[in-house]
file coords.txt (compact mmCIF, C-alpha atoms (C1' of nucleotides))
# COMPACT_ATOMS: atom_id res chain seq x y z
CA MET A 1 5.58 -10.29 3.82
CA PRO A 2 5.18 -8.96 7.31
CA GLU A 3 3.65 -11.73 9.40
CA LEU A 4 3.14 -11.50 13.14
CA PRO A 5 6.86 -11.91 14.03
CA GLU A 6 7.84 -9.20 11.56
CA VAL A 7 5.20 -6.82 12.90
CA GLU A 8 6.28 -7.54 16.48
CA THR A 9 9.87 -6.77 15.50
CA VAL A 10 8.78 -3.47 13.99
CA ARG A 11 6.68 -2.68 17.05
CA ALA A 12 9.52 -3.27 19.49
CA SER A 13 11.88 -1.14 17.44
CA LEU A 14 9.45 1.75 17.02
CA GLU A 15 8.55 1.62 20.70
CA ARG A 16 12.15 2.43 21.57
CA LYS A 17 12.26 5.33 19.14
CA LEU A 18 8.80 6.86 19.15
CA VAL A 19 7.37 6.77 22.66
CA GLY A 20 7.45 10.31 24.04
CA ARG A 21 8.05 11.85 20.61
CA ARG A 22 5.70 14.31 18.96
CA PHE A 23 4.57 14.08 15.33
CA GLU A 24 5.72 17.51 14.10
CA GLU A 25 4.90 17.15 10.45
CA VAL A 26 3.01 14.43 8.60
CA GLU A 27 2.99 14.04 4.85
CA ILE A 28 0.87 11.37 3.18
CA LEU A 29 1.77 10.98 -0.48
CA ASP A 30 -0.54 8.14 -1.52
CA SER A 31 -4.28 8.51 -1.11
CA ARG A 32 -4.70 4.71 -1.13
CA LEU A 33 -3.05 4.60 2.28
CA THR A 34 -5.96 6.28 4.06
CA ARG A 35 -8.77 5.50 1.63
CA PRO A 36 -11.61 6.37 1.80
CA VAL A 37 -10.48 9.17 4.12
CA ASP A 38 -8.69 12.16 2.59
CA PRO A 39 -4.95 11.81 3.32
CA ALA A 40 -4.63 15.51 4.08
CA GLU A 41 -7.29 15.15 6.75
CA VAL A 42 -5.43 12.21 8.34
CA ALA A 43 -2.15 14.11 8.22
CA ALA A 44 -3.75 17.10 9.90
CA GLU A 45 -5.21 14.91 12.64
CA LEU A 46 -1.83 13.36 13.41
CA GLU A 47 0.25 16.53 13.45
CA GLY A 48 1.03 17.67 16.97
CA GLU A 49 0.17 14.33 18.56
CA ARG A 50 2.59 12.86 21.10
CA VAL A 51 3.14 9.09 21.15
CA SER A 52 2.32 7.33 24.41
CA ALA A 53 2.66 3.68 23.37
CA ILE A 54 3.20 1.35 20.43
CA ASP A 55 1.19 -1.86 20.70
CA ARG A 56 0.38 -4.73 18.39
CA ARG A 57 -2.66 -6.89 17.91
CA GLY A 58 -2.36 -9.65 15.30
CA LYS A 59 -0.58 -7.94 12.42
CA TYR A 60 -1.88 -4.49 13.29
CA LEU A 61 0.46 -1.87 14.73
CA ILE A 62 -1.30 0.38 17.21
CA VAL A 63 0.24 3.81 17.67
CA ARG A 64 -1.35 5.39 20.73
CA PHE A 65 -1.16 9.10 21.42
CA GLU A 66 -1.44 10.94 24.72
CA SER A 67 -4.64 12.65 23.53
CA GLY A 68 -6.39 9.29 23.14
CA LEU A 69 -6.14 9.29 19.37
CA VAL A 70 -4.93 6.03 17.80
CA LEU A 71 -3.24 5.34 14.48
CA LEU A 72 -3.79 1.78 13.28
CA ILE A 73 -1.21 0.67 10.72
CA HIS A 74 -1.38 -2.53 8.69
CA LEU A 75 1.64 -3.30 6.49
CA ARG A 76 -0.13 -5.96 4.41
CA MET A 77 2.27 -7.26 1.75
CA THR A 78 5.09 -4.78 1.35
CA GLY A 79 4.52 -1.99 3.86
CA ASN A 80 7.77 -0.93 5.52
CA LEU A 81 8.44 1.51 8.34
CA VAL A 82 11.95 2.89 8.58
CA HIS A 83 13.35 5.21 11.21
CA SER A 84 15.87 7.63 9.77
CA ARG A 85 18.02 10.43 11.12
CA ASN A 86 19.14 11.49 7.66
CA GLY A 87 15.85 12.46 6.03
CA ALA A 88 13.74 10.62 3.49
CA LEU A 89 15.79 11.47 0.44
CA ALA A 90 14.73 9.85 -2.82
CA GLN A 91 13.26 6.71 -1.34
CA ALA A 92 11.51 4.51 -3.88
CA HIS A 93 7.82 3.86 -3.25
CA LEU A 94 7.64 6.47 -0.51
CA ARG A 95 4.04 6.77 0.71
CA ALA A 96 4.27 8.81 3.91
CA VAL A 97 6.77 10.67 6.06
CA VAL A 98 6.48 11.68 9.72
CA ARG A 99 8.91 14.24 11.07
CA LEU A 100 9.42 13.79 14.81
CA ASP A 101 10.26 16.46 17.36
CA ASP A 102 13.81 15.15 17.73
CA GLY A 103 14.48 15.85 14.05
CA SER A 104 14.35 12.21 12.95
CA ASP A 105 11.85 10.79 10.47
CA VAL A 106 9.61 7.77 10.26
CA ILE A 107 9.40 6.83 6.61
CA TYR A 108 6.65 4.63 5.27
CA ARG A 109 7.34 2.80 2.01
CA ASP A 110 5.07 0.32 0.26
CA VAL A 111 5.77 -1.11 -3.19
CA ARG A 112 2.38 -2.66 -3.71
CA ARG A 113 0.27 -0.11 -1.88
CA PHE A 114 -1.90 -2.58 0.04
CA GLY A 115 -0.97 -1.15 3.44
CA THR A 116 -3.40 1.02 5.40
CA TRP A 117 -3.32 3.85 7.96
CA LEU A 118 -6.50 4.39 9.90
CA VAL A 119 -7.10 6.97 12.63
CA LEU A 120 -9.52 5.95 15.37
CA ALA A 121 -10.54 7.16 18.80
CA ALA A 122 -9.15 5.05 21.66
CA ASP A 123 -12.54 3.56 22.49
CA GLU A 124 -13.12 2.40 18.91
CA VAL A 125 -9.99 0.29 18.63
CA ASP A 126 -11.02 -2.84 20.50
CA THR A 127 -14.30 -3.10 18.63
CA TYR A 128 -12.60 -2.59 15.30
CA LEU A 129 -9.98 -5.25 15.97
CA ALA A 130 -12.29 -7.75 17.65
CA ALA A 131 -14.47 -7.78 14.55
CA ARG A 132 -11.48 -8.78 12.42
CA LEU A 133 -9.20 -10.87 14.59
CA GLY A 134 -9.26 -14.00 16.68
CA LEU A 135 -7.35 -14.55 19.91
CA GLU A 136 -3.85 -13.17 20.29
CA PRO A 137 -1.72 -16.31 19.84
CA LEU A 138 1.05 -15.37 22.28
CA GLU A 139 -1.32 -14.32 25.08
CA ARG A 140 -2.57 -16.63 27.79
CA THR A 141 -6.10 -16.34 26.43
CA PHE A 142 -5.02 -18.49 23.49
CA SER A 143 -5.15 -22.10 24.65
CA ALA A 144 -5.36 -25.44 22.89
CA ARG A 145 -8.90 -25.73 24.16
CA ASN A 146 -10.18 -22.48 22.72
CA LEU A 147 -8.21 -23.14 19.55
CA GLY A 148 -10.24 -26.35 19.27
CA GLU A 149 -13.46 -24.52 19.96
CA ARG A 150 -12.79 -22.17 17.10
CA LEU A 151 -12.17 -25.08 14.73
CA VAL A 152 -15.36 -26.99 15.51
CA GLY A 153 -17.41 -27.51 12.38
CA ARG A 154 -14.69 -26.20 10.10
CA ARG A 155 -13.99 -28.49 7.17
CA VAL A 156 -11.15 -26.62 5.52
CA SER A 157 -7.54 -27.64 6.00
CA ILE A 158 -5.34 -26.37 8.81
CA LYS A 159 -2.84 -24.89 6.44
CA ALA A 160 -2.76 -21.68 8.48
CA ALA A 161 -0.53 -23.38 10.97
CA LEU A 162 0.40 -26.82 9.74
CA LEU A 163 0.36 -28.33 6.32
CA ASP A 164 -1.87 -31.11 7.42
CA ARG A 165 -4.64 -31.58 4.91
CA ARG A 166 -7.17 -33.08 7.23
CA PRO A 167 -10.30 -31.14 8.14
CA ALA A 168 -9.44 -28.73 10.92
CA GLY A 169 -12.45 -29.66 13.03
CA GLU A 170 -11.35 -33.29 13.34
CA LEU A 171 -8.28 -32.72 15.50
CA ASP A 172 -8.33 -34.52 18.82
CA ARG A 173 -7.08 -33.07 22.10
CA GLY A 174 -3.55 -34.32 21.65
CA GLU A 175 -3.32 -32.95 18.14
CA LEU A 176 -4.74 -29.61 19.20
CA GLY A 177 -2.08 -29.43 21.89
CA LYS A 178 0.65 -30.07 19.35
CA LEU A 179 -0.77 -27.53 16.92
CA HIS A 180 -1.11 -24.93 19.64
CA ARG A 181 2.47 -25.46 20.78
CA GLY A 182 3.68 -25.41 17.18
CA ILE A 183 1.99 -22.09 16.49
CA ARG A 184 3.58 -20.51 19.54
CA ARG A 185 7.02 -21.94 18.89
CA ALA A 186 7.00 -20.81 15.27
CA LEU A 187 5.91 -17.28 16.18
CA GLU A 188 8.40 -17.00 19.02
CA ALA A 189 11.23 -18.27 16.82
CA GLY A 190 10.25 -15.73 14.19
CA ILE A 191 10.29 -12.89 16.69
CA ALA A 192 13.66 -14.01 18.07
CA ARG A 193 15.09 -13.83 14.52
CA GLN A 194 13.59 -10.41 13.75
CA GLY A 195 11.18 -11.94 11.25
CA ALA A 196 11.78 -13.46 7.83
CA THR A 197 12.98 -11.48 4.83
CA LEU A 198 11.85 -13.26 1.67
CA ARG A 199 11.95 -10.14 -0.45
CA ASP A 200 10.84 -6.78 0.87
CA TYR A 201 10.57 -6.92 4.64
CA ARG A 202 13.10 -4.93 6.66
CA THR A 203 13.22 -3.84 10.29
CA PRO A 204 12.93 -0.11 11.00
CA GLU A 205 16.73 -0.10 11.15
CA GLY A 206 16.82 -1.43 7.60
CA ALA A 207 18.07 -4.89 8.55
CA ALA A 208 16.84 -8.17 7.11
CA GLY A 209 15.36 -10.81 9.39
CA THR A 210 16.90 -14.29 9.52
CA MET A 211 13.90 -16.54 10.09
CA GLN A 212 13.81 -17.47 6.39
CA ASP A 213 17.01 -19.47 7.01
CA GLU A 214 14.94 -21.78 9.20
CA PHE A 215 12.32 -22.53 6.56
CA LYS A 216 12.47 -26.16 5.51
CA VAL A 217 9.94 -26.32 2.67
CA TYR A 218 8.75 -22.84 1.72
CA GLY A 219 9.66 -22.06 -1.88
CA ARG A 220 11.58 -25.34 -2.30
CA GLY A 221 9.32 -27.26 -4.67
CA GLY A 222 11.14 -30.30 -6.14
CA GLU A 223 14.09 -30.12 -3.73
CA PRO A 224 14.63 -33.06 -1.37
CA CYS A 225 13.13 -32.70 2.10
CA PRO A 226 16.01 -32.04 4.57
CA ARG A 227 14.49 -34.59 6.94
CA CYS A 228 13.56 -37.55 4.72
CA GLY A 229 14.69 -36.74 1.19
CA THR A 230 11.26 -36.90 -0.42
CA PRO A 231 10.87 -34.17 -3.05
CA ILE A 232 8.97 -31.22 -1.64
CA ALA A 233 5.57 -30.71 -3.25
CA LYS A 234 3.68 -27.53 -3.97
CA THR A 235 -0.05 -27.04 -3.97
CA ARG A 236 -2.54 -24.27 -3.55
CA ILE A 237 -4.73 -23.92 -0.49
CA ALA A 238 -7.25 -21.14 -0.06
CA GLY A 239 -5.67 -19.31 -2.98
CA ARG A 240 -2.17 -19.36 -1.42
CA GLY A 241 0.92 -21.25 -2.48
CA THR A 242 1.65 -24.09 -0.06
CA TRP A 243 4.77 -26.24 0.08
CA PHE A 244 5.01 -29.45 2.08
CA CYS A 245 6.88 -32.73 2.32
CA PRO A 246 4.64 -35.61 1.19
CA GLY A 247 6.81 -37.95 3.28
CA CYS A 248 6.82 -36.11 6.62
CA GLN A 249 3.56 -34.19 6.32
CA ARG A 250 0.95 -36.56 5.00
C1' DC B 1 -23.82 -20.18 8.12
C1' DT B 2 -19.13 -21.80 5.45
C1' DT B 3 -16.07 -21.86 1.61
C1' DT B 4 -14.20 -20.19 -2.72
C1' DT B 5 -13.05 -16.70 -5.87
C1' DT B 6 -11.91 -12.16 -7.21
C1' DC B 7 -9.83 -8.00 -6.44
C1' DC B 8 -6.36 -4.72 -5.19
C1' DC B 9 -1.10 -3.66 -6.70
C1' DT B 10 3.87 -3.81 -8.38
C1' DG B 11 8.08 -5.85 -9.76
C1' DG B 12 10.76 -9.84 -10.63
C1' DA B 13 11.18 -14.17 -13.23
C1' DC B 14 10.56 -16.41 -17.38
C1' DG B 15 9.47 -17.59 -22.32
C1' DC B 16 9.71 -16.16 -26.95
C1' DT C 1 16.66 -5.75 -25.59
C1' DG C 2 11.77 -5.92 -25.29
C1' DC C 3 7.29 -7.41 -24.55
C1' DG C 4 3.63 -10.41 -22.72
C1' DT C 5 2.33 -13.56 -19.02
C1' DC C 6 2.48 -15.49 -14.57
C1' DC C 7 3.31 -15.32 -9.71
C1' DA C 8 3.82 -13.58 -4.91
C1' DG C 9 -0.19 -12.88 -1.02
C1' DG C 10 -3.20 -10.07 3.54
C1' DG C 11 -7.49 -9.22 3.87
C1' DA C 12 -12.02 -7.24 2.15
C1' DA C 13 -15.77 -8.16 -0.60
C1' DA C 14 -18.39 -10.69 -3.71
C1' DA C 15 -19.89 -15.06 -5.36
C1' DA C 16 -21.12 -19.76 -4.70

call {"tool": "encode", "arguments": {"input": "coords.txt", "output": "structure tokens"}}
result
Amino acid sequence: MPELPEVETVRASLERKLVGRRFEEVEILDSRLTRPVDPAEVAAELEGERVSAIDRRGKYLIVRFESGLVLLIHLRMTGNLVHSRNGALAQAHLRAVVRLDDGSDVIYRDVRRFGTWLVLAADEVDTYLAARLGLEPLERTFSARNLGERLVGRRVSIKAALLDRRPAGELDRGELGKLHRGIRRALEAGIARQGATLRDYRTPEGAAGTMQDEFKVYGRGGEPCPRCGTPIAKTRIAGRGTWFCPGCQR
DNA sequence: CTTTTTCCCTGGACGC
DNA sequence: TGCGTCCAGGGAAAAA
């Protein structure tokens, strides 16, 4: 599933290929992608637009055009952007195709159809994202202190970052510092390895990431922990599968 | 307000 | 070989 490192990998790749290019022809084949907006309307809005920048905020890709128009893409579970110089022939689960002015194509595939494309005006983007996202974890604005501030009063576990099952609001300063550093290190390692390919994720060049090779517990229920040998346990937190070592991560 | 559950969606794994 | 069931999970929305 595309997490932040995967989305950053996609962003960096598309930035190299798309900035300065014009969207000559846009075809949206799945109406779920733009729902509730008519896909033909979105396609018509995008045609003729020239890309000025590709940014990212959280897991959102932000395609900015010279006109000020913005295309916000979220890959959700299985969304996949591929850059191709040989057309979009017979791709499975093809949901959209963008023909660029250099003759190449950006192909959007999505097995499970959770991904979204949303067109906004430039001045709407910050408001839209701010309502949905917290601080950007690799920016300077994200500090251990403001991480702590956001956890005050929260009683749920910190699973998002660490499989520590204590209430998130009870972390002291030292623990917040460790969590903060851990979040950044994990994200940076993921970006350096082009993301993790557990099943569907691929870079726009079609390559798999390698971060999954670094995972120590994910998907390894019952296997011995590589650090202490305790069998890895699986539980469910906030509706999501969660693996952890009961020896190292109590 | 916070937290939990349900929903969306498909394909792969598994049991019979 | 085939069919039913479960699971994966980001995020919105509904329920608690």

call {"tool": "closest_atom_pairs", "arguments": {"input": "coords.txt", "of": "chain A", "to": "chain B", "cutoff": "12 Å", "atoms": "all atoms listed in the file", "output": "JSON lines"}}
result
{"residue": "A:Arg32", "atom": "CA", "partner": "B:DC8", "partner_atom": "C1'", "distance": 10.4}
{"residue": "A:Arg76", "atom": "CA", "partner": "B:DC9", "partner_atom": "C1'", "distance": 11.4}
{"residue": "A:Met77", "atom": "CA", "partner": "B:DC9", "partner_atom": "C1'", "distance": 9.8}
{"residue": "A:Thr78", "atom": "CA", "partner": "B:DT10", "partner_atom": "C1'", "distance": 9.9}
{"residue": "A:His93", "atom": "CA", "partner": "B:DT10", "partner_atom": "C1'", "distance": 10.0}
{"residue": "A:Asp110", "atom": "CA", "partner": "B:DT10", "partner_atom": "C1'", "distance": 9.7}
{"residue": "A:Val111", "atom": "CA", "partner": "B:DT10", "partner_atom": "C1'", "distance": 6.2}
{"residue": "A:Arg112", "atom": "CA", "partner": "B:DC9", "partner_atom": "C1'", "distance": 4.7}
{"residue": "A:Arg113", "atom": "CA", "partner": "B:DC9", "partner_atom": "C1'", "distance": 6.1}
{"residue": "A:Phe114", "atom": "CA", "partner": "B:DC9", "partner_atom": "C1'", "distance": 6.9}
{"residue": "A:Gly115", "atom": "CA", "partner": "B:DC9", "partner_atom": "C1'", "distance": 10.4}
{"residue": "A:Val152", "atom": "CA", "partner": "B:DT2", "partner_atom": "C1'", "distance": 11.9}
{"residue": "A:Gly153", "atom": "CA", "partner": "B:DT2", "partner_atom": "C1'", "distance": 9.1}
{"residue": "A:Arg154", "atom": "CA", "partner": "B:DT2", "partner_atom": "C1'", "distance": 7.8}
{"residue": "A:Arg155", "atom": "CA", "partner": "B:DT2", "partner_atom": "C1'", "distance": 8.6}
{"residue": "A:Val156", "atom": "CA", "partner": "B:DT3", "partner_atom": "C1'", "distance": 7.9}
{"residue": "A:Ser157", "atom": "CA", "partner": "B:DT3", "partner_atom": "C1'", "distance": 11.2}
{"residue": "A:Arg199", "atom": "CA", "partner": "B:DG12", "partner_atom": "C1'", "distance": 10.3}
{"residue": "A:Asp200", "atom": "CA", "partner": "B:DG11", "partner_atom": "C1'", "distance": 11.0}
{"residue": "A:Ile237", "atom": "CA", "partner": "B:DT4", "partner_atom": "C1'", "distance": 10.4}
{"residue": "A:Ala238", "atom": "CA", "partner": "B:DT4", "partner_atom": "C1'", "distance": 7.5}
{"residue": "A:Gly239", "atom": "CA", "partner": "B:DT5", "partner_atom": "C1'", "distance": 8.3}

call {"tool": "closest_atom_pairs", "arguments": {"input": "coords.txt", "of": "chain C", "to": "chain A", "cutoff": "10 Å", "atoms": "all atoms listed in the file", "output": "CSV"}}
result
residue,atom,partner,partner_atom,distance
C:DC7,C1',A:Gly241,CA,9.7
C:DA8,C1',A:Gly241,CA,8.6
C:DG9,C1',A:Met77,CA,6.7
C:DG10,C1',A:Arg76,CA,5.2
C:DG11,C1',A:Arg76,CA,8.1

call {"tool": "atom_distance", "arguments": {"input": "coords.txt", "atom1": "CA of Glu136 in chain A", "atom2": "CA of Asp123 in chain A"}}
result
19.0 Å

call {"tool": "atom_distance", "arguments": {"input": "coords.txt", "atom1": "CA of Ile191 in chain A", "atom2": "CA of Asn86 in chain A"}}
result
27.5 Å

call {"tool": "atom_distance", "arguments": {"input": "coords.txt", "atom1": "CA of Asp126 in chain A", "atom2": "CA of Leu69 in chain A"}}
result
13.1 Å

call {"tool": "residues_around", "arguments": {"input": "coords.txt", "residues": "range 209-224 of chain A", "least_positions_apart": "5", "cutoff": "10 Å", "atoms": "only C-alpha atoms (C1' of nucleotides)", "output": "PyMOL selection string"}}
result
chain A and resi 5-6+9+186+189-198+201-203+229-235+241-245

call {"tool": "axis_aligned_box", "arguments": {"input": "coords.txt", "around": "range 1-15 of chain B", "padding_each_side": "6 Å", "output": "JSON"}}
result
{"center_x": -6.3, "center_y": -12.8, "center_z": -7.1, "size_x": 47.0, "size_y": 30.2, "size_z": 42.4}

call {"tool": "build_atoms", "arguments": {"input": "coords.txt", "residues": "range 125-140 of chain A", "atoms": "N, CA and C atoms", "output": "mmCIF file, keeping the file's coordinate frame"}}
result
data_model
loop_
_atom_site.group_PDB
_atom_site.id
_atom_site.type_symbol
_atom_site.label_atom_id
_atom_site.label_comp_id
_atom_site.auth_asym_id
_atom_site.auth_seq_id
_atom_site.Cartn_x
_atom_site.Cartn_y
_atom_site.Cartn_z
ATOM 1 N N VAL A 125 -11.008 1.221 19.096
ATOM 2 C CA VAL A 125 -9.990 0.290 18.630
ATOM 3 C C VAL A 125 -10.341 -1.164 18.915
ATOM 4 N N ASP A 126 -10.732 -1.452 20.139
ATOM 5 C CA ASP A 126 -11.020 -2.840 20.500
ATOM 6 C C ASP A 126 -12.144 -3.417 19.645
ATOM 7 N N THR A 127 -13.175 -2.643 19.443
ATOM 8 C CA THR A 127 -14.300 -3.100 18.630
ATOM 9 C C THR A 127 -13.867 -3.368 17.200
ATOM 10 N N TYR A 128 -13.078 -2.446 16.681
ATOM 11 C CA TYR A 128 -12.600 -2.590 15.300
ATOM 12 C C TYR A 128 -11.778 -3.864 15.147
ATOM 13 N N LEU A 129 -10.869 -4.090 16.081
ATOM 14 C CA LEU A 129 -9.980 -5.250 15.970
ATOM 15 C C LEU A 129 -10.703 -6.556 16.280
ATOM 16 N N ALA A 130 -11.572 -6.526 17.260
ATOM 17 C CA ALA A 130 -12.290 -7.750 17.650
ATOM 18 C C ALA A 130 -13.140 -8.273 16.498
ATOM 19 N N ALA A 131 -13.636 -7.362 15.677
ATOM 20 C CA ALA A 131 -14.470 -7.780 14.550
ATOM 21 C C ALA A 131 -13.642 -8.473 13.469
ATOM 22 N N ARG A 132 -12.330 -8.267 13.494
ATOM 23 C CA ARG A 132 -11.480 -8.780 12.420
ATOM 24 C C ARG A 132 -10.530 -9.888 12.846
ATOM 25 N N LEU A 133 -10.255 -9.973 14.134
ATOM 26 C CA LEU A 133 -9.200 -10.870 14.590
ATOM 27 C C LEU A 133 -9.702 -11.906 15.586
ATOM 28 N N GLY A 134 -8.976 -12.997 15.665
ATOM 29 C CA GLY A 134 -9.260 -14.000 16.680
ATOM 30 C C GLY A 134 -8.470 -13.692 17.946
ATOM 31 N N LEU A 135 -8.106 -14.735 18.673
ATOM 32 C CA LEU A 135 -7.350 -14.550 19.910
ATOM 33 C C LEU A 135 -5.896 -14.228 19.582
ATOM 34 N N GLU A 136 -5.262 -13.516 20.483
ATOM 35 C CA GLU A 136 -3.850 -13.170 20.290
ATOM 36 C C GLU A 136 -3.019 -14.413 20.630
ATOM 37 N N PRO A 137 -2.292 -14.977 19.639
ATOM 38 C CA PRO A 137 -1.720 -16.310 19.840
ATOM 39 C C PRO A 137 -0.604 -16.403 20.886
ATOM 40 N N LEU A 138 -0.004 -15.292 21.271
ATOM 41 C CA LEU A 138 1.050 -15.370 22.280
ATOM 42 C C LEU A 138 0.559 -14.938 23.670
ATOM 43 N N GLU A 139 -0.739 -14.657 23.774
ATOM 44 C CA GLU A 139 -1.320 -14.320 25.080
ATOM 45 C C GLU A 139 -1.843 -15.579 25.756
ATOM 46 N N ARG A 140 -2.066 -15.472 27.042
ATOM 47 C CA ARG A 140 -2.570 -16.630 27.790
ATOM 48 C C ARG A 140 -3.988 -17.021 27.369
#
